[in-house]
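Structure file my_file16.pdb; described as PDB, C-alpha atoms.
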```
ATOM      1  CA  GLY E 208      -0.591  -2.487  -9.204
ATOM      2  CA  PRO E 209      -3.255   0.226  -8.954
ATOM      3  CA  PRO E 210      -2.652   3.942  -9.526
ATOM      4  CA  LEU E 211      -1.986   6.721  -7.067
ATOM      5  CA  LEU E 212      -4.277   9.229  -8.747
ATOM      6  CA  PHE E 213      -7.144  10.443  -6.615
ATOM      7  CA  SER E 214     -10.191  12.660  -6.839
ATOM      8  CA  SER E 215     -11.740  14.830  -4.197
ATOM      9  CA  PRO E 216     -14.938  13.741  -2.460
ATOM     10  CA  PRO E 217     -18.078  15.464  -3.809
ATOM     11  CA  GLN E 218     -18.904  19.060  -2.990
ATOM     12  CA  ASP E 219     -21.434  18.099  -0.311
ATOM     13  CA  THR E 220     -18.800  16.224   1.696
ATOM     14  CA  PRO E 221     -18.446  17.530   5.292
ATOM     15  CA  SER E 222     -15.772  20.216   5.612
ATOM     16  CA  ASP E 223     -13.602  18.115   7.925
ATOM     17  CA  VAL E 224     -12.968  15.497   5.228
ATOM     18  CA  PRO E 225      -9.508  15.734   3.583
ATOM     19  CA  THR E 226      -9.592  16.984   0.010
ATOM     20  CA  LEU E 227      -7.597  15.512  -2.841
ATOM     21  CA  ALA E 228      -6.495  16.871  -6.170
ATOM     22  CA  PRO E 229      -5.453  14.730  -9.154
ATOM     23  CA  LEU E 230      -1.852  13.637  -8.722
ATOM     24  CA  SER E 231       0.895  12.589 -11.072
ATOM     25  CA  LEU E 232       2.495   9.225 -10.414
ATOM     26  CA  GLY E 233       5.379   9.605  -8.004
ATOM     27  CA  SER E 234       4.630  13.253  -7.253
ATOM     28  CA  PRO E 235       4.253  14.580  -3.708
ATOM     29  CA  LEU E 236       0.703  14.347  -2.470
ATOM     30  CA  ALA E 237      -1.440  17.439  -2.732
ATOM     31  CA  ASP E 238      -2.725  19.545   0.161
ATOM     32  CA  ARG E 239      -3.870  17.114   2.836
ATOM     33  CA  SER E 240      -5.289  19.683   5.241
ATOM     34  CA  PRO E 241      -8.874  18.804   6.248
ATOM     35  CA  SER E 242      -9.733  22.513   6.200
ATOM     36  CA  SER E 243      -8.425  23.080   2.698
ATOM     37  CA  SER E 244     -10.958  24.618   0.330
ATOM     38  CA  ALA E 245      -9.125  23.306  -2.731
ATOM     39  CA  ARG E 246     -11.125  20.805  -4.749
ATOM     40  CA  GLY E 247      -9.633  18.559  -7.372
ATOM     41  CA  THR E 248     -11.342  17.386 -10.527
ATOM     42  CA  ASP E 249     -12.981  13.995 -10.175
ATOM     43  CA  TRP E 250     -10.913  11.445 -12.055
ATOM     44  CA  MET E 251     -13.939   9.295 -12.810
ATOM     45  CA  ASP E 252     -16.312  10.476 -15.519
ATOM     46  CA  SER E 253     -19.331  11.892 -13.669
ATOM     47  CA  ARG E 254     -21.540  11.001 -16.633
ATOM     48  CA  ASN E 255     -21.394   7.419 -15.449
ATOM     49  CA  SER E 256     -22.867   8.266 -12.050
ATOM     50  CA  SER E 257     -26.395   7.774 -13.354
ATOM     51  CA  ILE E 258     -25.899   4.023 -13.642
ATOM     52  CA  TYR E 259     -26.018   3.806  -9.858
ATOM     53  CA  GLY E 260     -28.567   6.544  -9.222
ATOM     54  CA  GLY E 261     -29.033   9.007  -6.378
ATOM     55  CA  ASP E 262     -26.177   9.496  -3.973
ATOM     56  CA  SER E 263     -24.816   5.970  -4.349
ATOM     57  CA  PHE E 264     -21.991   7.367  -6.454
ATOM     58  CA  MET E 265     -19.335   9.586  -4.936
ATOM     59  CA  GLY E 266     -16.956  11.646  -7.011
ATOM     60  CA  GLY E 267     -17.540   9.216  -9.867
ATOM     61  CA  MET E 268     -16.722   6.221  -7.653
ATOM     62  CA  ARG E 269     -19.164   3.840  -6.019
ATOM     63  CA  LYS E 270     -20.109   4.706  -2.430
ATOM     64  CA  VAL E 271     -19.783   1.642  -0.209
ATOM     65  CA  THR E 272     -21.789   1.716   3.013
ATOM     66  CA  SER E 273     -21.740  -1.921   4.182
ATOM     67  CA  ALA E 274     -18.985  -4.070   5.652
ATOM     68  CA  ARG E 275     -18.630  -5.970   2.363
ATOM     69  CA  ASP E 276     -19.596  -4.811  -1.102
ATOM     70  CA  LEU E 277     -19.984  -7.762  -3.441
ATOM     71  CA  ALA E 278     -21.537  -5.694  -6.245
ATOM     72  CA  GLY E 279     -18.736  -3.236  -6.932
ATOM     73  CA  TYR E 280     -19.122  -1.426 -10.249
ATOM     74  CA  LYS E 281     -21.636  -4.059 -11.458
ATOM     75  CA  GLY E 282     -19.662  -4.897 -14.582
ATOM     76  CA  SER E 283     -19.701  -1.296 -15.811
ATOM     77  CA  PRO E 284     -16.693   0.462 -14.287
ATOM     78  CA  PRO E 285     -16.627   4.242 -14.706
ATOM     79  CA  VAL E 286     -14.251   5.860 -17.151
ATOM     80  CA  ALA E 287     -10.955   6.727 -15.489
ATOM     81  CA  LEU E 288      -9.729  10.130 -16.657
ATOM     82  CA  TRP E 289      -6.012   9.434 -16.459
ATOM     83  CA  PRO E 290      -3.661  12.248 -17.549
ATOM     84  CA  GLY E 291      -2.929  12.421 -21.251
ATOM     85  CA  GLY E 292      -5.824  10.135 -22.070
ATOM     86  CA  ALA E 293      -3.953   7.086 -20.779
ATOM     87  CA  LYS E 294      -5.986   3.896 -20.422
ATOM     88  CA  VAL E 295      -4.027   2.497 -17.494
ATOM     89  CA  ALA E 296      -2.171   4.020 -14.542
ATOM     90  CA  VAL E 297       0.516   1.853 -12.958
ATOM     91  CA  GLN E 298       1.813   2.073  -9.405
ATOM     92  CA  ILE E 299       5.205   0.491  -8.791
ATOM     93  CA  VAL E 300       5.629  -0.464  -5.139
ATOM     94  CA  LEU E 301       8.880  -1.092  -3.309
ATOM     95  CA  ASN E 302       8.258  -2.953  -0.049
ATOM     96  CA  TYR E 303      10.746  -2.042   2.665
ATOM     97  CA  GLU E 304      10.397  -4.529   5.537
ATOM     98  CA  GLU E 305      13.907  -5.526   6.624
ATOM     99  CA  GLY E 306      14.396  -4.787  10.298
ATOM    100  CA  GLY E 307      10.715  -5.074  11.184
ATOM    101  CA  GLU E 308      10.239  -8.830  10.715
ATOM    102  CA  ASN E 309       9.887 -11.463  13.446
ATOM    103  CA  CYS E 310      13.124 -11.757  15.411
ATOM    104  CA  LEU E 311      14.005 -12.372  19.054
ATOM    105  CA  LEU E 312      16.056  -9.166  18.956
ATOM    106  CA  HIS E 313      12.799  -7.309  18.221
ATOM    107  CA  GLY E 314      11.069  -8.756  21.263
ATOM    108  CA  ASP E 315       9.348 -11.611  19.419
ATOM    109  CA  THR E 316       9.097 -15.225  20.560
ATOM    110  CA  GLN E 317       9.984 -16.753  17.197
ATOM    111  CA  SER E 318      12.102 -16.171  14.122
ATOM    112  CA  GLU E 319      10.805 -15.057  10.725
ATOM    113  CA  HIS E 320       9.886 -17.769   8.214
ATOM    114  CA  LEU E 321       8.237 -15.962   5.281
ATOM    115  CA  LEU E 322       9.656 -14.688   1.975
ATOM    116  CA  SER E 323      13.133 -16.143   1.972
ATOM    117  CA  GLU E 324      15.204 -18.440  -0.236
ATOM    118  CA  ILE E 325      15.031 -21.162   2.445
ATOM    119  CA  ILE E 326      12.681 -23.838   1.112
ATOM    120  CA  GLY E 327      10.122 -24.920   3.688
ATOM    121  CA  ALA E 328      11.393 -22.508   6.336
ATOM    122  CA  ALA E 329       9.659 -22.814   9.693
ATOM    123  CA  PRO E 330       9.749 -20.340  12.591
ATOM    124  CA  LEU E 331      12.146 -21.229  15.389
ATOM    125  CA  GLN E 332      10.496 -20.836  18.780
ATOM    126  CA  ASN E 333      12.506 -18.772  21.280
ATOM    127  CA  GLU E 334      15.585 -19.027  19.075
ATOM    128  CA  ARG E 335      17.315 -16.795  16.574
ATOM    129  CA  HIS E 336      17.620 -17.967  12.957
ATOM    130  CA  ALA E 337      21.066 -16.903  11.727
ATOM    131  CA  ASN E 338      20.457 -17.594   8.028
ATOM    132  CA  MET E 339      17.042 -15.930   7.993
ATOM    133  CA  GLU E 340      18.364 -12.834   9.731
ATOM    134  CA  SER E 341      21.234 -12.470   7.269
ATOM    135  CA  MET E 342      18.874 -12.813   4.287
ATOM    136  CA  TYR E 343      16.746  -9.976   5.619
ATOM    137  CA  ASP E 344      19.924  -8.005   6.371
ATOM    138  CA  TYR E 345      20.809  -8.288   2.683
ATOM    139  CA  GLY E 346      17.641  -6.417   1.765
ATOM    140  CA  SER E 347      18.572  -3.317   3.758
ATOM    141  CA  ARG E 348      22.358  -3.520   3.306
ATOM    142  CA  ALA E 349      22.496  -4.226  -0.444
ATOM    143  CA  GLY E 350      19.166  -5.033  -2.097
ATOM    144  CA  PHE E 351      17.559  -1.673  -1.382
ATOM    145  CA  TRP E 352      20.524   0.270  -2.726
ATOM    146  CA  ARG E 353      20.660  -1.776  -5.930
ATOM    147  CA  LEU E 354      16.976  -1.089  -6.569
ATOM    148  CA  HIS E 355      17.403   2.569  -5.595
ATOM    149  CA  LYS E 356      20.195   2.999  -8.151
ATOM    150  CA  MET E 357      18.260   1.247 -10.924
ATOM    151  CA  LEU E 358      14.995   3.113 -10.336
ATOM    152  CA  LEU E 359      16.760   6.479 -10.295
ATOM    153  CA  LYS E 360      18.721   5.592 -13.438
ATOM    154  CA  TYR E 361      15.511   5.016 -15.396
ATOM    155  CA  GLY E 362      13.488   7.735 -13.682
ATOM    156  CA  VAL E 363      10.845   5.324 -12.405
ATOM    157  CA  PRO E 364       8.395   6.883  -9.905
ATOM    158  CA  VAL E 365       7.899   4.660  -6.888
ATOM    159  CA  THR E 366       5.669   4.274  -3.861
ATOM    160  CA  VAL E 367       7.486   2.721  -0.904
ATOM    161  CA  PHE E 368       5.466   0.630   1.532
ATOM    162  CA  ALA E 369       7.830   1.099   4.464
ATOM    163  CA  VAL E 370       7.630  -0.718   7.799
ATOM    164  CA  GLY E 371       8.034   1.792  10.624
ATOM    165  CA  MET E 372      10.561  -0.165  12.674
ATOM    166  CA  ALA E 373      12.594  -0.839   9.517
ATOM    167  CA  LEU E 374      12.783   2.907   8.801
ATOM    168  CA  GLU E 375      13.945   3.553  12.367
ATOM    169  CA  ARG E 376      16.774   1.051  11.958
ATOM    170  CA  ASN E 377      18.090   2.459   8.669
ATOM    171  CA  GLU E 378      17.677   6.223   8.490
ATOM    172  CA  ASP E 379      20.115   6.423   5.566
ATOM    173  CA  ALA E 380      17.717   4.377   3.444
ATOM    174  CA  ALA E 381      14.812   6.541   4.636
ATOM    175  CA  ALA E 382      16.676   9.689   3.596
ATOM    176  CA  ALA E 383      17.437   8.177   0.177
ATOM    177  CA  MET E 384      13.733   7.470  -0.379
ATOM    178  CA  GLN E 385      12.854  11.054   0.452
ATOM    179  CA  ASP E 386      15.662  12.542  -1.643
ATOM    180  CA  ALA E 387      14.451  10.476  -4.611
ATOM    181  CA  GLY E 388      11.045  12.173  -4.386
ATOM    182  CA  TRP E 389       9.238   8.882  -3.836
ATOM    183  CA  GLU E 390       5.954   8.608  -1.994
ATOM    184  CA  ILE E 391       6.645   6.879   1.321
ATOM    185  CA  ALA E 392       3.535   5.126   2.603
ATOM    186  CA  SER E 393       3.210   3.175   5.824
ATOM    187  CA  HIS E 394       3.532  -0.605   5.857
ATOM    188  CA  GLY E 395       2.640  -0.879   9.531
ATOM    189  CA  TYR E 396       5.047  -0.583  12.437
ATOM    190  CA  ARG E 397       6.012  -4.265  12.262
ATOM    191  CA  TRP E 398       6.064  -6.761   9.406
ATOM    192  CA  ILE E 399       4.021  -9.277  11.376
ATOM    193  CA  ASP E 400       0.575 -10.835  11.143
ATOM    194  CA  TYR E 401      -1.889  -8.513  12.904
ATOM    195  CA  GLN E 402      -4.755 -11.023  12.794
ATOM    196  CA  ASP E 403      -4.663 -11.716  16.540
ATOM    197  CA  VAL E 404      -2.867  -8.602  17.763
ATOM    198  CA  ALA E 405      -4.799  -6.723  20.464
ATOM    199  CA  GLU E 406      -6.627  -3.637  19.209
ATOM    200  CA  GLU E 407      -4.812  -1.375  21.671
ATOM    201  CA  THR E 408      -1.449  -2.649  20.433
ATOM    202  CA  GLU E 409      -2.332  -2.202  16.780
ATOM    203  CA  ARG E 410      -3.662   1.306  17.431
ATOM    204  CA  ASP E 411      -0.378   2.151  19.155
ATOM    205  CA  HIS E 412       1.620   0.700  16.250
ATOM    206  CA  ILE E 413      -0.277   2.800  13.704
ATOM    207  CA  SER E 414       0.305   5.913  15.823
ATOM    208  CA  ARG E 415       4.007   5.071  16.066
ATOM    209  CA  CYS E 416       4.217   4.922  12.274
ATOM    210  CA  VAL E 417       2.724   8.393  12.000
ATOM    211  CA  GLU E 418       5.248   9.778  14.494
ATOM    212  CA  ILE E 419       8.159   8.064  12.728
ATOM    213  CA  HIS E 420       7.125   9.629   9.408
ATOM    214  CA  LYS E 421       6.818  13.052  11.019
ATOM    215  CA  LYS E 422      10.285  12.697  12.510
ATOM    216  CA  LEU E 423      12.016  11.367   9.388
ATOM    217  CA  PHE E 424      10.058  13.086   6.612
ATOM    218  CA  GLY E 425       8.393  16.063   8.283
ATOM    219  CA  LYS E 426       4.842  14.885   7.587
ATOM    220  CA  PRO E 427       2.539  11.930   8.281
ATOM    221  CA  PRO E 428       2.077   9.212   5.658
ATOM    222  CA  ALA E 429      -0.844   9.686   3.283
ATOM    223  CA  GLY E 430      -1.306   5.978   2.628
ATOM    224  CA  ILE E 431      -0.967   2.694   4.455
ATOM    225  CA  TYR E 432      -0.727  -0.955   3.493
ATOM    226  CA  GLN E 433      -0.651  -2.991   6.684
ATOM    227  CA  GLY E 434      -0.206  -6.109   4.563
ATOM    228  CA  LYS E 435      -1.426  -8.617   7.128
ATOM    229  CA  PRO E 436      -4.404  -6.779   8.670
ATOM    230  CA  ASN E 437      -7.508  -7.869  10.560
ATOM    231  CA  ILE E 438     -11.142  -6.772  10.355
ATOM    232  CA  HIS E 439     -10.473  -3.858  12.731
ATOM    233  CA  THR E 440      -7.437  -2.407  10.930
ATOM    234  CA  ARG E 441      -9.304  -0.086   8.555
ATOM    235  CA  ARG E 442     -11.332   1.443  11.400
ATOM    236  CA  LEU E 443      -8.115   2.157  13.316
ATOM    237  CA  VAL E 444      -6.565   3.681  10.190
ATOM    238  CA  VAL E 445      -9.551   5.987   9.632
ATOM    239  CA  GLU E 446      -9.614   6.944  13.322
ATOM    240  CA  GLN E 447      -5.985   8.054  13.065
ATOM    241  CA  GLY E 448      -7.189  10.937  10.900
ATOM    242  CA  CYS E 449      -4.194  11.541   8.627
ATOM    243  CA  PHE E 450      -4.497   8.737   6.088
ATOM    244  CA  LEU E 451      -6.038   9.547   2.721
ATOM    245  CA  TYR E 452      -6.099   5.930   1.569
ATOM    246  CA  ASP E 453      -5.226   2.366   2.417
ATOM    247  CA  ALA E 454      -4.239  -0.468   0.092
ATOM    248  CA  ASP E 455      -5.382  -3.410   2.228
ATOM    249  CA  SER E 456      -7.777  -4.655  -0.423
ATOM    250  CA  TYR E 457      -7.608  -6.863  -3.491
ATOM    251  CA  ALA E 458     -11.239  -6.263  -4.428
ATOM    252  CA  ASP E 459     -11.005  -4.246  -7.649
ATOM    253  CA  ASP E 460      -8.865  -2.983 -10.510
ATOM    254  CA  LEU E 461      -9.881   0.606  -9.723
ATOM    255  CA  PRO E 462      -9.863   2.649  -6.507
ATOM    256  CA  TYR E 463     -13.157   3.029  -4.664
ATOM    257  CA  TRP E 464     -14.582   4.891  -1.667
ATOM    258  CA  THR E 465     -15.914   3.410   1.564
ATOM    259  CA  PHE E 466     -18.081   5.028   4.234
ATOM    260  CA  GLU E 467     -17.883   2.289   6.837
ATOM    261  CA  PHE E 468     -16.632   4.557   9.608
ATOM    262  CA  GLY E 469     -18.499   7.812   9.127
ATOM    263  CA  ARG E 470     -16.233   9.599   6.663
ATOM    264  CA  PRO E 471     -15.071   9.067   3.072
ATOM    265  CA  HIS E 472     -12.053   6.783   2.915
ATOM    266  CA  LEU E 473     -10.293   5.855  -0.313
ATOM    267  CA  ILE E 474      -9.230   2.286  -1.077
ATOM    268  CA  VAL E 475      -6.436   1.789  -3.622
ATOM    269  CA  PRO E 476      -6.410  -2.000  -4.168
ATOM    270  CA  TYR E 477      -3.102  -3.845  -4.100
ATOM    271  CA  SER E 478      -2.072  -6.968  -6.027
ATOM    272  CA  LEU E 479      -0.359 -10.183  -4.966
ATOM    273  CA  SER E 480      -0.461 -11.436  -8.552
ATOM    274  CA  GLU E 481       1.771  -8.822 -10.196
ATOM    275  CA  ASN E 482       4.182  -9.229  -7.314
ATOM    276  CA  ASP E 483       7.713 -10.612  -7.069
ATOM    277  CA  MET E 484       6.779 -12.564  -3.927
ATOM    278  CA  ARG E 485       5.741 -15.269  -6.381
ATOM    279  CA  PHE E 486       9.413 -16.124  -6.806
ATOM    280  CA  VAL E 487       9.217 -17.790  -3.376
ATOM    281  CA  THR E 488       5.765 -19.403  -3.647
ATOM    282  CA  PRO E 489       5.167 -22.995  -4.832
ATOM    283  CA  SER E 490       3.252 -21.928  -7.957
ATOM    284  CA  GLY E 491       5.484 -18.957  -8.677
ATOM    285  CA  TRP E 492       8.271 -18.164 -11.123
ATOM    286  CA  SER E 493      11.774 -19.525 -11.442
ATOM    287  CA  HIS E 494      13.366 -16.745 -13.516
ATOM    288  CA  GLY E 495      12.882 -13.113 -14.471
ATOM    289  CA  ASP E 496      11.506 -13.730 -17.963
ATOM    290  CA  GLN E 497       8.402 -15.360 -16.473
ATOM    291  CA  PHE E 498       7.785 -12.391 -14.184
ATOM    292  CA  ALA E 499       8.310  -9.903 -17.010
ATOM    293  CA  GLN E 500       5.987 -11.827 -19.352
ATOM    294  CA  HIS E 501       3.274 -11.958 -16.699
ATOM    295  CA  LEU E 502       3.509  -8.192 -16.161
ATOM    296  CA  MET E 503       3.347  -7.514 -19.904
ATOM    297  CA  ASP E 504       0.393  -9.871 -20.360
ATOM    298  CA  THR E 505      -1.465  -8.172 -17.517
ATOM    299  CA  LEU E 506      -0.799  -4.705 -18.924
ATOM    300  CA  ASP E 507      -1.907  -5.790 -22.407
ATOM    301  CA  GLU E 508      -5.177  -7.136 -21.006
ATOM    302  CA  LEU E 509      -5.884  -3.975 -18.997
ATOM    303  CA  LEU E 510      -5.155  -1.844 -22.062
ATOM    304  CA  GLU E 511      -7.570  -3.986 -24.071
ATOM    305  CA  GLU E 512     -10.252  -3.574 -21.413
ATOM    306  CA  GLY E 513      -9.528   0.142 -21.200
ATOM    307  CA  HIS E 514      -9.271   0.557 -17.422
TER     308      HIS E 514
END
```
Rewrite the coordinates I just gave you, this time as structure tokens.
Amino acid sequence: GPPLLFSSPPQDTPSDVPTLAPLSLGSPLADRSPSSSARGTDWMDSRNSSIYGGDSFMGGMRKVTSARDLAGYKGSPPVALWPGGAKVAVQIVLNYEEGGENCLLHGDTQSEHLLSEIIGAAPLQNERHANMESMYDYGSRAGFWRLHKMLLKYGVPVTVFAVGMALERNEDAAAAMQDAGWEIASHGYRWIDYQDVAEETERDHISRCVEIHKKLFGKPPAGIYQGKPNIHTRRLVVEQGCFLYDADSYADDLPYWTFEFGRPHLIVPYSLSENDMRFVTPSGWSHGDQFAQHLMDTLDELLEEGH
């Protein structure tokens, strides 16, 4: 996955735009106050800004002003100044969704059917799915704690994409994430498809996530990965005002800025390729060695490319 190392917007950015300092993987996010005068060092080499000319480059990263940017870095990505001269920064994401999936007990009209060991699972309309519910229960009852123990044992820094309703239903797990020093980003209020959800409902769900984070962790989330967004999601995220970045993009290997909604907004692209969900997809893996080899091959290629 992509890194959680950010730069500040350029010096001529309006004063109400949040500032960012370079961050270490897994460390708490820097001062997120919009009025902060602190300015971090741009993590992209500013010498590369000339390849785009004028003000089309922001803080070393391409400034995107249209709804879709098909040009990107035009085959010449800027040099990422990772700490220690590293060529690649890796973000390890733990998705915490159990308790926020489709279920009649959550007010839904159908059961969950995605990401389970049930081959060919289909949603049950107006019925509960006992096996599906218990598989999701395993994630919060046992799976999370096994991963928590392993990650702490090896000192692996983690970003958690946490569904708001799931956090509400298991505050012990939420406390363990915080005590571990992990970054806890939002994964939406529900683990559902927001494609056809009314804008007012989605806006309310995003606001609920912010309030849940304030209650459980004492601060709003800095990042969000809705996971199953729609074309309005990013605007609603930016309007919320507290998010420094979202990960609802698969468009690049490097972070990039957008200006679609009147202020700088950082995109930290996610990956569904280097992702264990492929254990439950038709063209996925059948055992851990395949997953590990794929991750190593990907890292080797990125190291060879140097970004």
Practice task
Please check which residues have atoms at most 12 Å from (6.3, -11.7, -16.1) in the file's coordinates, counting only C-alpha atoms, and write them as number ranges by chain.
Solution key: E: 480-483, 485-486, 491-507
Around (-3.2, 4.3, 15.8) in the file's frame, which residues reach within 8 Å when counting only C-alpha atoms? Return as a JSON list (two decimals) with C-alpha atoms, in the coordinates of the input?
```json
[["chain", "number", "residue", "atom", "x", "y", "z"],
["E", 409, "GLU", "CA", -2.33, -2.20, 16.78],
["E", 410, "ARG", "CA", -3.66, 1.31, 17.43],
["E", 411, "ASP", "CA", -0.38, 2.15, 19.16],
["E", 412, "HIS", "CA", 1.62, 0.70, 16.25],
["E", 413, "ILE", "CA", -0.28, 2.80, 13.70],
["E", 414, "SER", "CA", 0.30, 5.91, 15.82],
["E", 415, "ARG", "CA", 4.01, 5.07, 16.07],
["E", 443, "LEU", "CA", -8.12, 2.16, 13.32],
["E", 444, "VAL", "CA", -6.56, 3.68, 10.19],
["E", 446, "GLU", "CA", -9.61, 6.94, 13.32],
["E", 447, "GLN", "CA", -5.98, 8.05, 13.06]]
```
Handout entry: Exercise: His394 (chain E) partners within 9 Å, all atoms listed in the file, chain neighbours under 3 positions left out, as a PyMOL selection string
Key = chain E and resi 302-304+367-371+397-398+416+430-434
What box, with edges along x, y and z, holds each listed atom of region 316-327 of chain E when 8 Å is added on every side, and can you state its centre and edge lengths in Å to one decimal, as AutoDock Vina command-line options?
```
--center_x 11.7 --center_y -19.8 --center_z 10.2 --size_x 23.0 --size_y 26.2 --size_z 36.8
```
Practice task
Could you give me, as an NGL selection string, the residues within 12 Å of Asp379 (chain E), counting all atoms listed in the file and dropping anything in the same chain fewer than 5 positions from it?
Solution key: :E and (347-348 or 351-352 or 373-374 or 384-386 or 423)
Practice task
Would you please work out which residue, of E:Leu359, E:Cys449, E:Leu461, E:Met484, is nearest to Pro285 (chain E) when using only C-alpha atoms?
Solution key: E:Leu461
Problem - Selection near Val363 (chain E), 12 Å with all atoms listed in the file, sequence-local residues under 6 positions removed, as a VMD selection string - result: chain E and resid 232 to 234 297 to 301 354 to 357 387 to 390
Problem - Residues near Phe424 (chain E), cut-off 9 Å, only C-alpha atoms, skip fewer than 3 positions along chain, as a list in words - result: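 Close residues of Phe424 (chain E): Ala381, Ala382, Gln385, Ile391, Ile419, His420, Lys421, Pro427 and Pro428 of chain E.
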Practice task
Can you work out the spacing between CA of Gly279 (chain E) and CA of Gln402 (chain E) in Å, to one decimal?
Solution key: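 That distance, rounded to one decimal, is 25.4 Å.
When CA of Ile438 (chain E) is paired with CA of Tyr401 (chain E), their separation reads 9.8 Å.
Counting only C-alpha atoms and comparing E:Val417, E:Leu510, E:Ala383, E:Val475, the residue that lies closest to Gly448 (chain E) is E:Val417.
Our summary of the geometry notes that CA of Met342 (chain E) is positioned 20.8 Å from CA of Gly395 (chain E).
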